[in-house]
file model_39.cif (mmCIF, C-alpha atoms)
data_target
#
loop_
_atom_site.label_atom_id
_atom_site.label_comp_id
_atom_site.auth_asym_id
_atom_site.auth_seq_id
_atom_site.Cartn_x
_atom_site.Cartn_y
_atom_site.Cartn_z
CA MET A 1 -2.28 -14.92 12.66
CA LYS A 2 0.26 -16.05 10.07
CA LYS A 3 1.28 -12.43 9.51
CA THR A 4 1.86 -11.86 13.22
CA ALA A 5 3.81 -15.09 13.59
CA THR A 6 6.07 -14.24 10.66
CA ILE A 7 6.84 -10.73 11.96
CA LEU A 8 7.59 -12.15 15.40
CA MET A 9 9.84 -14.81 13.87
CA LEU A 10 11.72 -12.20 11.84
CA CYS A 11 12.18 -9.85 14.80
CA PHE A 12 13.30 -12.71 17.02
CA ALA A 13 15.93 -13.59 14.43
CA LEU A 14 17.16 -9.97 14.24
CA GLN A 15 17.33 -9.64 18.01
CA ASN A 16 19.34 -12.81 18.47
CA PHE A 17 21.79 -11.78 15.75
CA ALA A 18 22.58 -8.60 17.74
CA GLN A 19 23.72 -10.48 20.80
CA GLU A 20 27.00 -12.18 21.65
CA ILE A 21 27.21 -15.58 20.00
CA SER A 22 28.67 -17.21 23.08
CA THR A 23 25.62 -16.35 25.16
CA LEU A 24 23.23 -18.05 22.72
CA LYS A 25 24.81 -21.43 22.06
CA ILE A 26 22.54 -24.06 23.51
CA ASP A 27 24.76 -27.05 22.73
CA GLU A 28 28.53 -26.40 22.65
CA SER A 29 29.47 -29.85 21.39
CA ASN A 30 32.00 -29.81 18.52
CA ASN A 31 30.57 -32.97 16.98
CA SER A 32 28.07 -31.77 14.39
CA ASN A 33 26.26 -35.09 14.35
CA SER A 34 25.45 -34.91 18.03
CA ARG A 35 24.72 -31.19 18.25
CA GLY A 36 21.24 -30.26 19.32
CA LEU A 37 19.53 -27.02 18.52
CA HIS A 38 22.28 -24.45 18.06
CA LEU A 39 23.10 -21.15 16.47
CA ASP A 40 24.45 -21.48 12.95
CA VAL A 41 24.26 -18.36 10.81
CA VAL A 42 23.49 -18.69 7.12
CA TRP A 43 22.84 -15.55 5.11
CA ARG A 44 21.54 -15.48 1.53
CA ILE A 45 21.17 -12.56 -0.81
CA TYR A 46 19.71 -13.06 -4.25
CA TYR A 47 18.25 -11.70 -7.43
CA ALA A 48 14.78 -13.09 -8.06
CA SER A 49 12.77 -13.60 -11.24
CA PRO A 50 9.06 -13.92 -10.37
CA ASN A 51 7.36 -15.73 -13.24
CA GLN A 52 3.61 -15.49 -12.83
CA PHE A 53 1.56 -18.25 -14.42
CA GLY A 54 -2.09 -19.30 -14.48
CA ASP A 55 -5.41 -17.56 -14.88
CA HIS A 56 -5.23 -14.61 -12.53
CA VAL A 57 -4.88 -10.85 -12.69
CA TRP A 58 -1.21 -10.79 -11.68
CA ASN A 59 -0.33 -12.83 -14.76
CA ASP A 60 -2.50 -10.82 -17.16
CA ALA A 61 -2.38 -7.22 -15.96
CA TYR A 62 1.06 -6.71 -14.41
CA SER A 63 4.60 -6.85 -15.78
CA SER A 64 7.38 -7.88 -13.42
CA GLY A 65 10.45 -5.73 -12.97
CA PHE A 66 13.42 -5.80 -10.62
CA SER A 67 13.16 -8.22 -7.69
CA MET A 68 15.57 -9.29 -5.00
CA GLY A 69 15.60 -10.86 -1.60
CA THR A 70 17.60 -11.79 1.44
CA SER A 71 17.23 -14.37 4.18
CA LEU A 72 18.89 -15.15 7.46
CA GLY A 73 18.97 -18.58 9.01
CA LEU A 74 20.05 -18.76 12.64
CA LEU A 75 18.92 -21.99 14.20
CA GLU A 76 19.95 -25.46 13.07
CA PHE A 77 18.96 -28.86 14.35
CA GLN A 78 20.44 -31.91 12.63
CA ASN A 79 20.56 -30.14 9.23
CA PHE A 80 17.11 -28.62 9.65
CA ARG A 81 17.20 -24.80 9.61
CA LEU A 82 14.79 -22.09 10.62
CA THR A 83 15.09 -19.03 8.39
CA GLY A 84 13.44 -15.64 8.05
CA GLY A 85 13.47 -13.69 4.81
CA TYR A 86 12.40 -10.55 2.97
CA GLU A 87 11.85 -9.93 -0.73
CA ILE A 88 10.97 -6.88 -2.77
CA GLU A 89 9.26 -7.22 -6.16
CA LYS A 90 8.61 -4.34 -8.53
CA TYR A 91 5.76 -4.43 -11.04
CA GLY A 92 4.35 -2.21 -13.74
CA VAL A 93 0.75 -2.19 -14.92
CA LYS A 94 0.15 -3.41 -18.46
CA ASP A 95 -3.65 -3.64 -18.36
CA VAL A 96 -5.13 -0.60 -16.63
CA SER A 97 -8.70 -1.88 -17.03
CA LYS A 98 -7.96 -4.76 -14.62
CA ALA A 99 -5.33 -3.25 -12.32
CA GLY A 100 -6.24 0.43 -12.07
CA ASN A 101 -4.28 3.37 -13.39
CA PHE A 102 -1.25 2.98 -11.15
CA GLU A 103 2.28 3.75 -12.23
CA LYS A 104 4.07 1.20 -10.08
CA VAL A 105 3.25 -1.62 -7.75
CA THR A 106 5.68 -2.93 -5.14
CA LYS A 107 5.33 -6.18 -3.25
CA HIS A 108 7.12 -6.62 0.09
CA ASN A 109 7.28 -10.28 1.03
CA PHE A 110 8.07 -11.43 4.57
CA TYR A 111 8.48 -15.14 5.12
CA GLY A 112 9.77 -17.86 7.38
CA THR A 113 10.92 -21.27 6.18
CA VAL A 114 12.07 -24.62 7.41
CA SER A 115 14.80 -26.16 5.25
CA TYR A 116 16.99 -29.23 5.20
CA ASP A 117 20.65 -29.29 4.12
CA CYS A 118 21.23 -32.26 1.86
CA LYS A 119 24.94 -32.41 1.01
CA LEU A 120 25.63 -34.26 -2.24
CA ASN A 121 29.42 -33.86 -2.21
CA ASP A 122 32.06 -31.35 -1.12
CA GLN A 123 30.80 -28.77 -3.64
CA LEU A 124 27.09 -29.34 -4.04
CA MET A 125 24.26 -29.13 -1.57
CA ILE A 126 20.52 -29.29 -2.20
CA VAL A 127 18.37 -27.37 0.26
CA PRO A 128 14.65 -28.13 -0.04
CA ASN A 129 12.47 -25.81 1.99
CA ILE A 130 8.91 -24.96 2.78
CA GLY A 131 7.49 -21.90 4.41
CA PHE A 132 4.79 -19.29 4.76
CA GLY A 133 4.58 -15.55 5.07
CA PHE A 134 2.68 -12.50 3.97
CA LYS A 135 2.81 -9.84 1.28
CA ALA A 136 2.32 -6.12 1.79
CA ILE A 137 1.60 -4.45 -1.54
CA THR A 138 1.75 -0.74 -2.26
CA HIS A 139 0.26 0.86 -5.36
CA ARG A 140 1.74 4.16 -6.51
CA MET A 141 0.18 6.96 -8.52
CA LYS A 142 2.08 10.16 -9.30
CA SER A 143 4.96 8.76 -7.20
CA GLU A 144 2.81 8.64 -4.06
CA ARG A 145 1.69 5.55 -2.18
CA VAL A 146 -2.06 5.61 -2.75
CA ALA A 147 -3.30 2.09 -1.98
CA HIS A 148 -2.28 -0.91 0.12
CA GLN A 149 -3.15 -4.56 -0.20
CA ALA A 150 -2.14 -7.69 1.71
CA GLY A 151 -2.01 -11.43 1.16
CA ASP A 152 -0.74 -14.69 2.64
CA ILE A 153 2.06 -16.72 1.03
CA ILE A 154 2.84 -20.39 0.88
CA ARG A 155 6.19 -21.26 -0.69
CA ILE A 156 7.91 -24.52 -1.48
CA GLY A 157 11.08 -25.18 -3.41
CA ALA A 158 14.77 -25.78 -3.21
CA PHE A 159 18.17 -24.18 -3.49
CA CYS A 160 21.19 -25.77 -5.14
CA ASP A 161 24.33 -24.44 -3.48
CA TYR A 162 27.77 -24.64 -5.08
CA SER A 163 30.55 -24.10 -2.61
CA LEU A 164 33.18 -21.47 -3.33
CA GLY A 165 35.16 -22.25 -0.22
CA LYS A 166 34.75 -22.58 3.51
CA SER A 167 32.34 -19.69 4.00
CA ALA A 168 30.56 -18.91 0.77
CA SER A 169 28.51 -20.53 -1.98
CA VAL A 170 26.65 -19.41 -5.02
CA PHE A 171 23.23 -20.84 -5.52
CA LEU A 172 20.31 -21.26 -7.86
CA GLY A 173 16.82 -21.58 -6.49
CA VAL A 174 13.40 -22.62 -7.76
CA HIS A 175 10.30 -21.97 -5.70
CA TYR A 176 6.58 -22.31 -6.23
CA ILE A 177 4.85 -19.43 -4.46
CA SER A 178 1.11 -19.25 -4.03
CA THR A 179 -0.53 -16.12 -2.67
CA LYS A 180 -4.07 -15.61 -1.44
CA PHE A 181 -5.15 -11.98 -1.21
CA ASP A 182 -7.65 -10.67 1.25
CA LEU A 183 -9.79 -8.83 -1.30
CA ASN A 184 -13.36 -7.57 -1.17
CA ILE A 185 -14.72 -8.10 -4.70
CA ASN A 186 -17.85 -9.38 -6.39
CA ASN A 187 -18.12 -13.16 -5.90
CA GLN A 188 -18.08 -13.84 -9.62
CA TYR A 189 -14.53 -12.52 -9.93
CA GLU A 190 -13.00 -13.69 -6.64
CA ASP A 191 -11.01 -16.54 -8.08
CA TYR A 192 -9.38 -14.36 -10.75
CA PHE A 193 -8.42 -11.43 -8.51
CA GLU A 194 -7.76 -13.06 -5.14
CA LYS A 195 -4.92 -15.40 -6.00
CA SER A 196 -1.57 -15.47 -7.71
CA THR A 197 0.83 -18.28 -8.52
CA GLN A 198 4.42 -17.86 -9.54
CA LEU A 199 7.52 -19.89 -10.23
CA GLN A 200 10.35 -17.92 -8.70
CA LEU A 201 13.90 -18.39 -9.96
CA THR A 202 16.72 -17.06 -7.83
CA LEU A 203 20.45 -16.56 -8.26
CA GLY A 204 22.55 -15.45 -5.35
CA LEU A 205 25.30 -15.68 -2.80
CA LYS A 206 25.24 -17.63 0.43
CA VAL A 207 27.54 -16.77 3.32
CA TYR A 208 27.97 -19.03 6.34
CA MET B 1 17.73 -4.32 20.86
CA MET B 2 18.26 -1.39 18.47
CA LYS B 3 18.11 -3.68 15.44
CA LYS B 4 14.85 -5.14 16.69
CA ILE B 5 13.28 -1.70 17.01
CA ILE B 6 14.52 -0.65 13.58
CA GLY B 7 13.10 -3.81 12.05
CA LEU B 8 9.65 -3.23 13.54
CA ILE B 9 9.63 0.42 12.51
CA ALA B 10 10.59 -0.55 8.95
CA VAL B 11 7.75 -3.06 8.70
CA PHE B 12 5.08 -0.70 9.95
CA ALA B 13 6.43 2.24 7.93
CA LEU B 14 5.93 0.19 4.80
CA ILE B 15 2.34 -0.65 5.51
CA SER B 16 0.82 2.25 7.43
CA CYS B 17 1.23 5.43 5.33
CA GLU B 18 -1.93 7.42 4.63
CA VAL B 19 -3.45 6.43 1.32
CA GLN B 20 -6.35 7.64 -0.81
CA TYR B 21 -7.69 4.31 -2.10
CA ASP B 22 -8.89 1.14 -0.42
CA GLY B 23 -6.48 -1.43 -1.90
CA SER B 24 -8.32 -4.35 -0.30
CA THR B 25 -11.53 -3.69 -2.30
CA ARG B 26 -12.28 -3.70 -6.01
CA PHE B 27 -15.16 -1.94 -7.77
CA ILE B 28 -16.28 -2.93 -11.26
CA ILE B 29 -17.89 -0.75 -13.94
CA LYS B 30 -19.37 -2.23 -17.10
CA THR B 31 -20.95 -0.55 -20.09
CA THR B 32 -21.82 -1.14 -23.74
CA VAL B 33 -21.49 1.64 -26.32
CA ILE B 34 -23.65 1.72 -29.48
CA ASP B 35 -24.37 4.26 -32.24
CA GLU B 36 -27.78 5.77 -33.08
CA ASP B 37 -28.51 2.79 -35.35
CA GLY B 38 -27.94 0.34 -32.49
CA ASN B 39 -24.58 -0.96 -33.76
CA PRO B 40 -21.77 -1.55 -31.21
CA ILE B 41 -18.84 0.84 -31.50
CA LYS B 42 -15.33 -0.57 -31.08
CA ASP B 43 -12.25 1.28 -29.71
CA ILE B 44 -14.15 3.99 -27.87
CA GLN B 45 -12.15 5.23 -24.87
CA VAL B 46 -13.93 4.93 -21.52
CA ASP B 47 -12.37 6.78 -18.55
CA VAL B 48 -13.32 6.38 -14.91
CA ASN B 49 -12.47 9.35 -12.69
CA ALA B 50 -12.55 9.38 -8.89
CA GLU B 51 -13.10 12.54 -6.87
CA ASP B 52 -13.31 13.48 -3.24
CA ASP B 53 -12.58 16.72 -1.37
CA ASN B 54 -8.84 16.40 -1.94
CA ILE B 55 -8.19 14.49 -5.14
CA SER B 56 -9.36 14.01 -8.69
CA ASP B 57 -7.78 11.05 -10.44
CA ASN B 58 -8.23 9.10 -13.62
CA ILE B 59 -8.36 5.78 -11.78
CA SER B 60 -9.06 3.62 -14.85
CA TYR B 61 -9.29 3.73 -18.62
CA THR B 62 -9.96 1.23 -21.37
CA TYR B 63 -11.30 0.87 -24.91
CA THR B 64 -14.48 -0.89 -25.97
CA ASP B 65 -14.13 -4.26 -27.68
CA GLU B 66 -15.76 -5.41 -30.92
CA ASN B 67 -19.08 -5.74 -29.09
CA GLY B 68 -18.85 -2.17 -27.76
CA PHE B 69 -18.29 -3.61 -24.28
CA SER B 70 -15.98 -2.20 -21.61
CA PHE B 71 -15.08 -3.75 -18.24
CA GLN B 72 -13.02 -1.94 -15.64
CA VAL B 73 -11.76 -2.91 -12.19
CA PHE B 74 -10.28 -0.43 -9.71
CA PRO B 75 -10.04 0.26 -5.96
CA PRO B 76 -12.59 2.68 -4.46
CA LEU B 77 -11.78 5.86 -2.59
CA LYS B 78 -11.13 5.61 1.13
CA ARG B 79 -13.00 8.81 1.88
CA GLN B 80 -16.50 9.54 0.70
CA GLY B 81 -16.46 10.71 -2.89
CA SER B 82 -17.91 10.06 -6.31
CA PHE B 83 -17.04 8.66 -9.70
CA SER B 84 -17.64 9.85 -13.24
CA ILE B 85 -17.53 7.87 -16.46
CA ASP B 86 -16.24 9.79 -19.46
CA ILE B 87 -17.02 8.07 -22.77
CA ASN B 88 -15.08 9.12 -25.87
CA PRO B 89 -13.51 12.10 -24.06
CA ASP B 90 -11.67 13.40 -27.12
CA GLY B 91 -14.99 13.68 -29.03
CA GLN B 92 -13.54 12.28 -32.25
CA THR B 93 -16.10 11.05 -34.82
CA TYR B 94 -18.72 10.55 -32.12
CA GLN B 95 -19.94 12.82 -29.37
CA SER B 96 -18.52 12.66 -25.85
CA LYS B 97 -20.69 11.65 -22.95
CA MET B 98 -19.94 12.06 -19.25
CA ILE B 99 -22.02 10.50 -16.48
CA ARG B 100 -21.20 12.28 -13.24
CA ASN B 101 -21.89 11.98 -9.53
CA ILE B 102 -21.95 8.18 -9.29
CA LYS B 103 -21.83 7.27 -5.61
CA GLU B 104 -20.50 4.14 -3.93
CA SER B 105 -24.05 3.34 -2.89
CA ASP B 106 -24.95 3.01 -6.60
CA PHE B 107 -22.78 -0.11 -6.88
CA GLN B 108 -24.65 -3.41 -6.43
CA ASP B 109 -22.40 -6.12 -4.98
CA LEU B 110 -19.46 -3.85 -5.87
CA VAL B 111 -20.56 -3.69 -9.55
CA PHE B 112 -21.99 -0.71 -11.45
CA ASP B 113 -23.56 -1.67 -14.75
CA LEU B 114 -24.15 1.50 -16.78
CA GLY B 115 -25.97 -0.54 -19.39
CA THR B 116 -26.12 0.60 -23.01
CA VAL B 117 -24.95 4.09 -23.92
CA THR B 118 -25.74 5.62 -27.32
CA LEU B 119 -23.26 7.93 -29.01
CA ILE B 120 -24.33 10.09 -31.95
CA LYS B 121 -21.92 10.86 -34.73
CA ASN B 122 -20.75 14.47 -34.67
CA GLU B 123 -21.82 14.98 -38.29
CA ASN B 124 -25.41 14.15 -37.27
CA ILE B 125 -25.60 16.82 -34.57
CA VAL B 126 -26.81 20.39 -35.21
CA GLU B 127 -27.48 23.38 -33.01
CA PHE B 128 -30.95 24.58 -32.08
CA LYS B 129 -30.96 28.07 -30.57
CA ILE B 130 -34.01 29.84 -29.18
CA ARG B 131 -34.05 33.61 -29.43
CA LEU B 132 -36.47 35.03 -26.88
CA ASN B 133 -38.64 37.99 -27.94
CA ARG B 134 -40.74 39.49 -25.14
CA VAL B 135 -43.76 41.23 -26.67
CA ASN B 136 -45.56 41.77 -23.33
CA GLU B 137 -43.57 43.63 -20.68
CA ASN B 138 -45.44 41.87 -17.86
CA ASN B 139 -44.34 38.44 -19.07
CA SER B 140 -41.23 36.43 -18.15
CA ILE B 141 -40.13 32.99 -19.23
CA GLU B 142 -40.06 30.47 -16.36
CA ASP B 143 -38.77 27.37 -18.06
CA ILE B 144 -38.00 25.92 -21.51
CA GLU B 145 -37.73 22.26 -22.49
CA ILE B 146 -37.70 20.42 -25.79
CA ASN B 147 -38.48 16.76 -26.43
CA ALA B 148 -35.91 16.38 -29.23
CA ILE B 149 -33.41 13.54 -29.50
CA MET B 150 -30.25 15.05 -28.05
CA PRO B 151 -26.70 13.78 -27.46
CA GLU B 152 -26.97 14.43 -23.67
CA GLU B 153 -23.28 15.05 -23.26
CA PHE B 154 -23.46 15.61 -19.51
CA ILE B 155 -25.66 13.47 -17.30
CA ASP B 156 -25.85 13.79 -13.54
CA TYR B 157 -26.67 10.32 -12.25
CA HIS B 158 -28.61 11.75 -9.31
CA GLY B 159 -30.26 14.68 -11.05
CA PRO B 160 -28.94 18.16 -11.82
CA LEU B 161 -26.15 19.33 -9.55
CA GLU B 162 -27.37 22.90 -9.61
CA GLU B 163 -30.48 24.85 -10.36
CA TYR B 164 -30.39 27.03 -13.44
CA TYR B 165 -31.70 30.55 -12.89
CA TYR B 166 -32.12 31.28 -16.60
CA PRO B 167 -34.12 29.14 -19.03
CA GLU B 168 -32.01 27.09 -21.39
CA THR B 169 -32.03 28.42 -24.95
CA TYR B 170 -29.16 26.48 -26.57
CA PHE B 171 -29.51 22.83 -27.51
CA ARG B 172 -27.51 20.30 -29.53
CA VAL B 173 -29.92 17.91 -31.25
CA LEU B 174 -29.96 15.07 -33.75
CA LYS B 175 -30.54 16.56 -37.19
CA ASN B 176 -33.62 15.98 -39.35
CA GLN B 177 -36.25 15.68 -36.66
CA ASN B 178 -39.49 17.26 -35.51
CA PHE B 179 -40.09 18.03 -31.87
CA THR B 180 -42.03 20.24 -29.47
CA ILE B 181 -40.90 23.20 -27.40
CA PHE B 182 -42.55 23.41 -23.97
CA TYR B 183 -42.31 26.68 -22.08
CA SER B 184 -43.93 28.47 -19.17
CA VAL B 185 -44.75 32.19 -19.02
CA ARG B 186 -45.29 34.16 -15.81
CA ASP B 187 -47.66 37.12 -16.02
CA SER B 188 -46.76 39.62 -13.31
CA SER B 189 -49.68 41.94 -14.16
CA THR B 190 -52.20 39.75 -12.33
CA ASP B 191 -52.63 39.32 -8.60
CA PRO B 192 -51.74 36.68 -7.78
CA GLN B 193 -49.24 36.20 -10.58
CA THR B 194 -50.13 33.43 -13.00
CA VAL B 195 -47.96 30.90 -14.79
CA THR B 196 -49.24 29.49 -18.07
CA ASP B 197 -47.76 26.52 -19.93
CA TYR B 198 -47.38 26.57 -23.71
CA SER B 199 -46.10 24.24 -26.40
CA VAL B 200 -45.12 24.84 -30.00
CA ASN B 201 -43.86 22.53 -32.75
CA ALA B 202 -40.37 22.96 -34.21
CA SER B 203 -37.99 21.08 -36.46
CA VAL B 204 -34.39 20.94 -37.63
CA GLY B 205 -32.95 19.75 -40.92
CA ASN B 206 -29.34 19.31 -41.86
CA GLN B 207 -28.35 22.78 -40.67
CA SER B 208 -28.36 24.56 -37.33
CA VAL B 209 -31.50 26.57 -36.61
CA THR B 210 -32.26 29.72 -34.61
CA TYR B 211 -35.91 29.79 -33.52
CA GLN B 212 -37.61 33.02 -32.45
CA LEU B 213 -39.94 32.51 -29.51
CA GLU B 214 -42.34 35.33 -28.71
CA TYR B 215 -43.96 35.56 -25.30
#
call {"tool": "encode", "arguments": {"input": "model_39.cif", "output": "structure tokens"}}
result
Amino acid sequence: MKKTATILMLCFALQNFAQEISTLKIDESNNSNSRGLHLDVVWRIYYASPNQFGDHVWNDAYSSGFSMGTSLGLLEFQNFRLTGGYEIEKYGVKDVSKAGNFEKVTKHNFYGTVSYDCKLNDQLMIVPNIGFGFKAITHRMKSERVAHQAGDIIRIGAFCDYSLGKSASVFLGVHYISTKFDLNINNQYEDYFEKSTQLQLTLGLKVY
Amino acid sequence: MMKKIIGLIAVFALISCEVQYDGSTRFIIKTTVIDEDGNPIKDIQVDVNAEDDNISDNISYTYTDENGFSFQVFPPLKRQGSFSIDINPDGQTYQSKMIRNIKESDFQDLVFDLGTVTLIKNENIVEFKIRLNRVNENNSIEDIEINAIMPEEFIDYHGPLEEYYYPETYFRVLKNQNFTIFYSVRDSSTDPQTVTDYSVNASVGNQSVTYQLEY
């Protein structure tokens, strides 16, 4: 259900972005304090560092490689934003006995978040956010996709945006991401193989 | 509209390609490796291979720990196939041993515990060959077995994969042991033909032996 809702949210966001802006504005008031739900585009692109921690197979048997992500926020209501995002994480296998003899593992993360813009001053803004989504994981052997796996994500964290001008900021982000995999495994080992926890650090560019 | 379609296609293209393994399931294989004196052997390579009609992959490998124990987790095949466990495949110092034709139905609660596997040191293995000498033209050998301690380098988990049309006459055995040769002889001169079972004692020392069997 969460997976379906996230895909629908992401596709809705893409569809709306393709249309004329003037046809989508719900509240045309120029006073930002009194504006209701309205279109306000915020796009982020970022490099991500997924730091696995805890007692689970993703911390012990996999080594993280290149990761990046992007998100698009379209709707704003009194500094609350609805955003859809996508991330790609690359992993190698460092313990074949626990992960299987795969050459590469790629995680595709699709998520939706609700955030709040908390402006500290003209340069700095803190953006706490919470969201959920799902992961689609592909395992590769001999450069072919040979296995798929899926899981549900809960994420919570914040961005710290530093304004570069009227339309762009750079930002740092810290997010706690917990994943629960839908895995069929002996009960004794469920806890170790069915979950992962990571502290994700991000560095990127925000355009608005 | 076009962007929406492209987005949906991209999502489903990522997650719906044909794959060989069931990534949402994990099988487990455990085993303990010891020598002929019952001592655990450390750093023995244990390979798990998966086979079906189309593929043959080394899906997992590891090395035994200080207790001779190995523990391996891997996804099973999507299509019906089998697994084999290859212990010490390079045959260094100790013999190799392969257990073949392990089916998914052999896993209990997704776990296959091979138990304890004994490896014999290569220096303790000699050859025992039987040279057949037919003294009666009406006789033929039906079957030959020996009850010697042998390395058993190839084990079919569900019994022999194929029937052998010729009696086995070459064996690798643990040196310095006594054992018995059991064999059956068919006499085609009688009507109906008769099959008689025989046994004879044999032994090996430190060297390989060729044994002449008259029938």
call {"tool": "atom_distance", "arguments": {"input": "model_39.cif", "atom1": "atom CA of B:Tyr170", "atom2": "atom CA of B:Ile144"}}
result
10.2 Å
call {"tool": "interface_residues", "arguments": {"input": "model_39.cif", "of": "chain B", "to": "chain A", "cutoff": "6 Å", "atoms": "all atoms listed in the file", "output": "PyMOL selection string"}}
result
chain B and resi 4+19-26+59-62+72-74+109-110
call {"tool": "resolve_selection", "arguments": {"input": "model_39.cif", "expression": "the PyMOL selection byres ((chain B and resi 199-201) around 7)", "output": "list in words"}}
result
Phe179, Thr180, Ile181, Phe182, Tyr183, Tyr198 and Ala202 of chain B
call {"tool": "write_last_selection", "arguments": {"input": "model_39.cif", "atoms": "C-alpha atoms", "output": "short mmCIF file (atom, residue, chain, number, x, y, z; two decimals), in the frame of the given file"}}
result
data_model
loop_
_atom_site.label_atom_id
_atom_site.label_comp_id
_atom_site.auth_asym_id
_atom_site.auth_seq_id
_atom_site.Cartn_x
_atom_site.Cartn_y
_atom_site.Cartn_z
CA PHE B 179 -40.09 18.03 -31.87
CA THR B 180 -42.03 20.24 -29.47
CA ILE B 181 -40.90 23.20 -27.40
CA PHE B 182 -42.55 23.41 -23.97
CA TYR B 183 -42.31 26.68 -22.08
CA TYR B 198 -47.38 26.57 -23.71
CA ALA B 202 -40.37 22.96 -34.21
#
call {"tool": "atom_distance", "arguments": {"input": "model_39.cif", "atom1": "atom CA of A:Gly69", "atom2": "atom CA of A:Lys166"}}
result
23.0 Å
call {"tool": "closest_residue", "arguments": {"input": "model_39.cif", "among": "A:Leu72, A:Leu82, A:Leu203, A:Ala48", "to": "A:Tyr162", "atoms": "only C-alpha atoms"}}
result
A:Leu203
call {"tool": "atom_distance", "arguments": {"input": "model_39.cif", "atom1": "atom CA of A:Phe66", "atom2": "atom CA of A:Glu89"}}
result
6.3 Å
call {"tool": "resolve_selection", "arguments": {"input": "model_39.cif", "expression": "the PyMOL selection byres ((chain A and resi 129) around 6)", "output": "ChimeraX atom specification"}}
result
/A:114-115,128,130,156-158
call {"tool": "closest_residue", "arguments": {"input": "model_39.cif", "among": "A:Arg44, A:Lys107, A:Gln198, A:Asn121", "to": "A:Phe159", "atoms": "all atoms listed in the file"}}
result
A:Arg44
call {"tool": "closest_residue", "arguments": {"input": "model_39.cif", "among": "A:Val42, A:Trp58, A:Phe77, A:Gln123", "to": "A:Gly92", "atoms": "only C-alpha atoms"}}
result
A:Trp58
call {"tool": "resolve_selection", "arguments": {"input": "model_39.cif", "expression": "the PyMOL selection byres ((chain B and resi 172) around 9)", "output": "NGL selection string"}}
result
:B and (125-129 or 149-152 or 170-171 or 173-174 or 208)
call {"tool": "write_last_selection", "arguments": {"input": "model_39.cif", "atoms": "C-alpha atoms", "output": "PDB file, in the frame of the given file"}}
result
ATOM      1  CA  ILE B 125     -25.600  16.820 -34.570  1.00  0.00           C
ATOM      2  CA  VAL B 126     -26.810  20.390 -35.210  1.00  0.00           C
ATOM      3  CA  GLU B 127     -27.480  23.380 -33.010  1.00  0.00           C
ATOM      4  CA  PHE B 128     -30.950  24.580 -32.080  1.00  0.00           C
ATOM      5  CA  LYS B 129     -30.960  28.070 -30.570  1.00  0.00           C
ATOM      6  CA  ILE B 149     -33.410  13.540 -29.500  1.00  0.00           C
ATOM      7  CA  MET B 150     -30.250  15.050 -28.050  1.00  0.00           C
ATOM      8  CA  PRO B 151     -26.700  13.780 -27.460  1.00  0.00           C
ATOM      9  CA  GLU B 152     -26.970  14.430 -23.670  1.00  0.00           C
ATOM     10  CA  TYR B 170     -29.160  26.480 -26.570  1.00  0.00           C
ATOM     11  CA  PHE B 171     -29.510  22.830 -27.510  1.00  0.00           C
ATOM     12  CA  VAL B 173     -29.920  17.910 -31.250  1.00  0.00           C
ATOM     13  CA  LEU B 174     -29.960  15.070 -33.750  1.00  0.00           C
ATOM     14  CA  SER B 208     -28.360  24.560 -37.330  1.00  0.00           C
TER      15      SER B 208
END
call {"tool": "closest_residue", "arguments": {"input": "model_39.cif", "among": "A:Tyr176, A:Lys135, A:Met125, A:Leu39", "to": "A:Cys160", "atoms": "all atoms listed in the file"}}
result
A:Met125
call {"tool": "residues_around", "arguments": {"input": "model_39.cif", "residues": "B:Glu104", "least_positions_apart": "5", "cutoff": "10 Å", "atoms": "only C-alpha atoms", "output": "number ranges by chain"}}
result
B: 27, 76-77, 80-83, 110-112
call {"tool": "residues_near_point", "arguments": {"input": "model_39.cif", "point": "(16.0, -12.5, -1.4)", "cutoff": "7 Å", "atoms": "all atoms listed in the file", "output": "PyMOL selection string"}}
result
chain A and resi 44-48+68-71+85-87
call {"tool": "residues_around", "arguments": {"input": "model_39.cif", "residues": "A:Ser63", "least_positions_apart": "4", "cutoff": "7 Å", "atoms": "only C-alpha atoms", "output": "list in words"}}
result
Tyr91, Gly92, Val93 and Lys94 of chain A
call {"tool": "build_atoms", "arguments": {"input": "model_39.cif", "residues": "stretch 128-134 of chain B", "atoms": "N, CA and C atoms", "output": "PDB file, keeping the file's coordinate frame"}}
result
ATOM      1  N   PHE B 128     -29.613  23.964 -32.080  1.00  0.00           N
ATOM      2  CA  PHE B 128     -30.950  24.580 -32.080  1.00  0.00           C
ATOM      3  C   PHE B 128     -30.938  25.667 -31.020  1.00  0.00           C
ATOM      4  N   LYS B 129     -31.001  26.936 -31.495  1.00  0.00           N
ATOM      5  CA  LYS B 129     -30.960  28.070 -30.570  1.00  0.00           C
ATOM      6  C   LYS B 129     -32.333  28.712 -30.519  1.00  0.00           C
ATOM      7  N   ILE B 130     -32.737  29.139 -29.345  1.00  0.00           N
ATOM      8  CA  ILE B 130     -34.010  29.840 -29.180  1.00  0.00           C
ATOM      9  C   ILE B 130     -33.701  31.288 -28.849  1.00  0.00           C
ATOM     10  N   ARG B 131     -34.214  32.175 -29.698  1.00  0.00           N
ATOM     11  CA  ARG B 131     -34.050  33.610 -29.430  1.00  0.00           C
ATOM     12  C   ARG B 131     -35.358  34.106 -28.815  1.00  0.00           C
ATOM     13  N   LEU B 132     -35.271  34.602 -27.599  1.00  0.00           N
ATOM     14  CA  LEU B 132     -36.470  35.030 -26.880  1.00  0.00           C
ATOM     15  C   LEU B 132     -36.843  36.449 -27.278  1.00  0.00           C
ATOM     16  N   ASN B 133     -38.143  36.670 -27.552  1.00  0.00           N
ATOM     17  CA  ASN B 133     -38.640  37.990 -27.940  1.00  0.00           C
ATOM     18  C   ASN B 133     -39.856  38.308 -27.064  1.00  0.00           C
ATOM     19  N   ARG B 134     -39.646  39.162 -26.067  1.00  0.00           N
ATOM     20  CA  ARG B 134     -40.740  39.490 -25.140  1.00  0.00           C
ATOM     21  C   ARG B 134     -41.598  40.589 -25.763  1.00  0.00           C
TER      22      ARG B 134
END
